[in-house]
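Presented below is the structure to which this report refers.
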Amino acid sequence: MLAVNRRSGGSDAVDFFVRLDRRFRARYQRYLEYLRDGTPIKSPENFRRLSGSGPDPTVFEIKVDKYRLYVVRYDAIWYATHGRVKPKDNQVPREVDKALEIFAGRTERRHGQ
């Protein structure tokens with residue numbers, strides 16, 4: 001799993017993790033290890049695809065309690081872009097756009113391996 005850095009050097013994903021309570025961070029760590037190891041997260045209660053599939057980057061949402069982490073899958077690699085408190089349903093497309101924008105302007109930093 002890679003945490004995506006913005007060109008400015010900051011990482012929205014890392015900032016999100018730092019602010020989380022330890023118990024939520026532990027649950028996210030488990031899900032990120034599943035993705036890293038190729039173990040599917042089958043429950044739509046905890047994981048869902050938000051954008052199309054194919055050769056383009058695909059955005060997914062990992063759910064833990066009231067928090068959401070947005071990750072992009074591209075070329076068999078997972079990239080954590082950002083997280084937030086659960087948005088309203090009508091705001092989810094904006095989060096997909098934000099994930100793709102962060103991903104497009106990325107500089108990479110390995111995190112949690």
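In the structure tokens, each chain is lettered A, B, ... as it comes, each chain's residues begin at 1, and ligands are numbered from 1 in order of appearance.
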Show me, as a compact mmCIF listing (two decimals) with N, CA, C and O atoms, in the first residue's frame, the residues that have an atom within 10 Å of Ser53 (chain A) when counting only C-alpha atoms, minus same-chain residues fewer than 6 positions from it.
```
# COMPACT_ATOMS: atom_id res chain seq x y z
N VAL A 59 -11.53 3.75 -7.90
CA VAL A 59 -11.63 4.26 -6.54
C VAL A 59 -12.51 3.33 -5.71
O VAL A 59 -13.59 2.91 -6.14
N ARG A 73 -7.01 1.79 -6.91
CA ARG A 73 -6.31 0.60 -7.42
C ARG A 73 -5.88 0.90 -8.85
O ARG A 73 -6.69 1.27 -9.69
N TYR A 74 -4.56 0.75 -9.09
CA TYR A 74 -4.04 1.00 -10.43
C TYR A 74 -2.80 0.13 -10.64
O TYR A 74 -1.91 0.12 -9.80
```
Which of chain A fall in alpha helix (DSSP H), as a ChimeraX atom specification: /A:12-19,22-37,92-104
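The list of residues with at least one atom within 12 Å of Lys66 (chain A), based on only C-alpha atoms and without residues fewer than 6 positions apart in the same chain, reads Leu20, Asp21, Phe24, Glu45, Asn46, Gly83, Arg84, Val85, Lys86, Pro87 and Lys88 of chain A.
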Using only C-alpha atoms: which of A:Glu95, A:Glu33, A:Asp56, A:Glu101 has the shortest distance to Met1 (chain A): A:Glu33
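A straight line drawn from CA of Gly38 (chain A) to CA of Pro57 (chain A) is 17.3 Å long.
With only C-alpha atoms as the basis for measurement, A:Ala3 is the residue among A:Leu35, A:Ile77, A:Ala3, A:Val72 that approaches Phe17 (chain A) most closely.
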Among listed residues A:Phe47, A:Tyr70, A:Phe103, A:Tyr28, nearest Asn5 (chain A) (using only C-alpha atoms): A:Phe103
